[in-house]
Structures are given as C-alpha cells and as structure tokens.
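Worksheet: the structure to be examined is printed underneath.
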Amino acid sequence: MVQVARFDRFPLGHFPTALEPMDRLTAHLREHHAKVPNLWIKRDDCTGLATGGNKTRKLEFLVGEAVRQGADVLITQGATQSNHARQTAAAAARAGMDCKLLLEKRQARDEEYELSGNVLLDDLLGAEIVERVPAGTDMQQAMELLADDLRANGKRPYVIPGGGSNPLGAVGYVVCAQELESASIAVDWVVHGTGSSGTQAGLVAGFRAMRSPAQVLGISVRQSAEAQIDAVFGLAERTAALIGADGVVAREDVLVDDRWVGAGYGMPTAAMVEAVRLVASTEGVLLDPVYSGKGFAGLLGNIADGRFAVSDNVVFLHTGGSAGLFGYRSAFERS
Ligand SMILES: *Cc1c(COP(=O)(O)O)cnc(C)c1O
C-alpha cells in the first residue's frame with residue numbers, strides 16, 4: 001500500500017496531467033532508426049502553475065506542510081534561471097505568503113540569462129531575489145541564515161531545499177507514478193531529465209511500492225552517473241520509508257545516463273538544441289534548454305542505441321521549463 005493521503009496537500013496544479021502519444025515524432029524516427037518504441041509524453045509541463053513544471057507536484061506537499069506550520073514566508077534557492085524558484089514564487093502567491101529567493105550564479109552569461117525568462121517571472125510573481133551569490137556557495141546554509149534573520153524580525157519562514165527535493169517533495173512524484181500506473185497503457189519506461197533528484201526518486205519509490213515493473217531512466221543534467229545514482233537512490237529509500245514502503249527500492253532500480261550533460265549544468269549542447277527544435281517542429285511541444293532538452297536528447301540517443309523494444313511504451317516525462325528558453329536565446333541562434 002502506498003500512503004499519500006495522510007500528508008497535508010495544498011492544491012496548486014491541474015492533475016492528473018495528460019498522457020499523449022507522440023505520433024508524428026514516432027513516425028519521423030521510424031524513417032531513420034530500426035528500433036523505435038511507442039513514444040508518449042506525460043505533460044507535467046502543463047501543471048497550470050505559472051507556466052507549469054515538475055516542481056508543482058512537490059510544492060503541493062511542501063506548501064501543505066508550510067501552511068500547517070503557520071508559515072508566512074517561503075525561502076528557496078536555485079540557479080539564476082531556476083524553474084523551481086519561479087514555481088515556488090507562484091506557490092507563495094497562491095498561498096498568500098511572501099517568497100524570498102537566493103540565486104546562485106553558476107556560470108557567467110548574457111543579460112537575457114540574468115534578467116529574462118524565469119528571472120522576469122520571479123519578479124512578476126512577487127518574489128524577492130534577496131541575493132545573487134557566487135557559484136559554490138553553501139546554499140542550504142545561506143537559506144538557514146536568512147531564515148534566522150527573518151525569525152528575529154517576527155516572521156515565520158519555511159525553508160524549501162533546492163529543487164524541492166526532500167522526501168516530502170518527492171512524494172509528489174509518487175503520485176505521478178500512481179497516475180502512470182493507472183493509465184490506459186502499460187508503461188514500460190519513463191525517461192526524464194534528472195537534477196536535484198526528487199523527481200526520479202519519487203517515481204522509483206512509487207513504482208516499486210506498487211510492485212510495478214516500469215523502469216525509470218534519468219538523463220543526468222549535471223553530474224556523473226555514479227554521483228547521480230547515489231543521490232537518487234538515497235532519496236528514493238527515504239521517500240519509500242516516508243510512504244510506508246520501507247526497503248522496496250534497490251540500487252539497481254536507479255538507472256542514469258550521464259552522456260548528455262555537455263560542459264556542465266545549464267551549458268547548452270548541440271544535441272539539446274537539436275532535440276528542442278525537433279520536438280517543437282514535429283509535435284508543437286516546447287522543451288527547455290537545461291533539463292527537458294537534454295533529457296529528450298538522451299531519449300533520442302538511447303533509441304539510436306537500440307535500448308528499447310519496438311513494442312515498448314516509452315513515456316517521456318516533460319518536466320517543464322520552457323520559460324527558460326527566453327534566458328537562452330543566444331544558444332538557439334542559427335549560424
Ligand atoms: C527541476 C527540474 C528538473 C529536474 O527534476 P529534479 O527533481 O530536480 O531531478 C527537470 N526539468 C525541469 C524543467 C526542472 O525544472
């Protein structure tokens with residue numbers, strides 16, 4: 001039994017999200033490759049919260065706890081073009097709370113990166129960008145210091161970790177696994193971009209807790225497969241324990257492909273640009289430059305490798321992020 005009903009949940013999104021066939025893309029790929037599975041897309045980019053994305057599911061549980069604790073301000077952190085920061089800003093607006101953001105300058109980039117895309121939306125949504133800190137800053141500690149400051153001024157802060165990735169946030173993806181398990185098709189694979197690891201951890205914990213045979217392949221957007229597997233496995237174990245399914249996750253359940261990171265987190269790659277253009281022009285679906293673009297590039301690479309059977313139902317989990325395209329215009333310039 002998977003127990004999620006006992007957690008407080010603050011409604012933020014439109015669920016269940018749609019699961020759609022990618023017919024045009026599948027037909028296109030079958031002209032070029034021998035082993036192309038049935039491709040589906042789970043539209044977590046359409047969660048309905050300020051351009052959507054995977055953080056909505058996590059935030060329903062995290063904000064649920066914040067409300068129960070009587071919090072009046074949400075604190076979180078991320079890279080400059082963080083989708084999580086933008087979703088948290090929107091969630092705070094909906095919950096009637098303030099929102100304070102710490103943004104990490106992970107790489108030097110142009111003005112559009114610094115000011116447009118998600119940064120513009122953070123401001124429109126009423127969040128305060130408290131500080132832009134240098135790469136390598138201990139972000140969790142910086143948030144705790146800010147929380148201490150706010151408490152000293154009579155506020156009641158609730159600190160959300162980067163990406164909303166702790167066991168409670170990952171419960172949001174246990175719910176997504178439940179949606180996929182009750183879909184009209186038998187899901188063989190779920191493929192998605194994996195970063196702070198809550199999405200993959202929640203999916204793996206959810207599928208294993210339900211004894212589903214579905215496999216989850218995370219396409220790393222920031223670190224080696226070994227490091228990412230450690231992070232996802234650790235969080236999946238703790239998430240399973242939280243939902244009353246202690247011990248269901250094995251390390252072998254965590255599959256990560258790290259061949260699509262390129263020069264590093266948030267650094268554009270040719271394969272990402274090609275994937276974003278391909279999915280936009282065949283399916284009318286916008287991916288993003290940091291996560292789903294690299295995630296889809298990884299899906300295409302694994303199809304080319306022949307990893308999937310032709311009869312498999314392979315679901316690309318679209319985790320959102322298209323607002324970030326406007327911070328990355330220069331990466332898509334035609335030469
Ligand atoms: C945060 C994010 C991810 C990665 O999810 P994690 O749970 O952090 O691994 C993927 N795609 C988008 C668009 C994101 O914003």
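Order determines the names: the first chain of the structure tokens is A, the second B, and so forth; residues in each chain are numbered 1 upward, and ligands are numbered 1 upward as they are shown.
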
Quiz prompt | Expected answer as a PyMOL selection string: residues within 8 Å of ligand 1, only C-alpha atoms and all ligand atoms | solution = chain A and resi 45+53-55+82-84+162-165+170+192-201+288+290-292+318-322

Exercise. Could you give me, as an NGL selection string, the residues within 10 Å of Leu203 in chain A, counting only C-alpha atoms and dropping anything in the same chain fewer than 6 positions from it?
Key: :A and (170-178 or 180 or 190 or 209 or 214-216 or 236 or 239)

Quiz item: Using only C-alpha atoms, which residues sit within 10 Å of Leu124 in chain A once same-chain residues fewer than 4 positions away are excluded, as JSON, numbers by chain?
Solution: {"A": [86, 89, 90, 118, 119, 120, 128]}

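DSSP, applied to the backbone of this structure, assigns helix (DSSP H, G or I) to the following residues of range 280-330 of chain A: Ala280, Ser281, Thr282, Glu283, Ser292, Gly293, Lys294, Gly295, Phe296, Ala297, Gly298, Leu299, Leu300, Gly301, Asn302, Ile303, Ala304, Ser322, Ala323, Gly324, Leu325, Phe326, Gly327, Arg329 and Ser330 of chain A.
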
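If only C-alpha atoms are the atoms counted, then among A:Arg94, A:Arg6, A:Arg329, A:Arg30 the closest residue to Glu65 in chain A is A:Arg6.
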
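Between CA of Gln3 in chain A and CA of Ile219 in chain A the interatomic distance comes to 28.0 Å.
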
Quiz item: Can you list, as a list in words, every protein, DNA or RNA residue that comes within 8 Å of Val63 in chain A when you count only C-alpha atoms, leaving out same-chain residues fewer than 3 positions away?
Solution: Arg9, Phe10, Leu59, Glu60, Ala66, Val67, Ala91 and Ala95 of chain A

Written selection (N, CA and C atoms) as a short mmCIF file (atom, residue, chain, number, x, y, z; two decimals), in the first residue's frame:
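Everything below was put into out00.cif:
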```
data_model
loop_
_atom_site.label_atom_id
_atom_site.label_comp_id
_atom_site.auth_asym_id
_atom_site.auth_seq_id
_atom_site.Cartn_x
_atom_site.Cartn_y
_atom_site.Cartn_z
N ARG A 9 -1.78 18.62 1.85
CA ARG A 9 -1.54 18.96 0.45
C ARG A 9 -2.24 20.26 0.14
N PHE A 10 -1.47 21.21 -0.40
CA PHE A 10 -2.05 22.50 -0.80
C PHE A 10 -2.25 22.46 -2.31
N LEU A 59 5.68 20.93 -4.65
CA LEU A 59 5.24 22.06 -3.83
C LEU A 59 3.87 21.84 -3.22
N GLU A 60 3.02 21.03 -3.83
CA GLU A 60 1.73 20.78 -3.19
C GLU A 60 1.93 20.19 -1.79
N ALA A 66 4.00 23.73 5.03
CA ALA A 66 4.25 25.12 5.44
C ALA A 66 2.97 25.76 6.00
N VAL A 67 1.86 25.51 5.35
CA VAL A 67 0.57 26.06 5.81
C VAL A 67 0.25 25.49 7.20
N ALA A 91 3.70 29.55 -6.08
CA ALA A 91 3.03 28.84 -4.99
C ALA A 91 2.83 29.76 -3.78
N ALA A 95 -0.60 30.86 -1.95
CA ALA A 95 -0.83 30.55 -0.53
C ALA A 95 -0.88 31.82 0.33
#
```

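Of the listed residues (A:Ala304, A:Val187, A:Met97, A:Ala18), A:Ala18 comes nearest to Cys46 in chain A; the distances count only C-alpha atoms.
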
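Between CA of Ala275 in chain A and CA of Phe296 in chain A lies a distance of 6.1 Å.
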
Quiz item: Between A:Gln77, A:Arg109, A:Ala71, A:Val159, which is the closest to Met267 in chain A once you count only C-alpha atoms?
Solution: A:Arg109
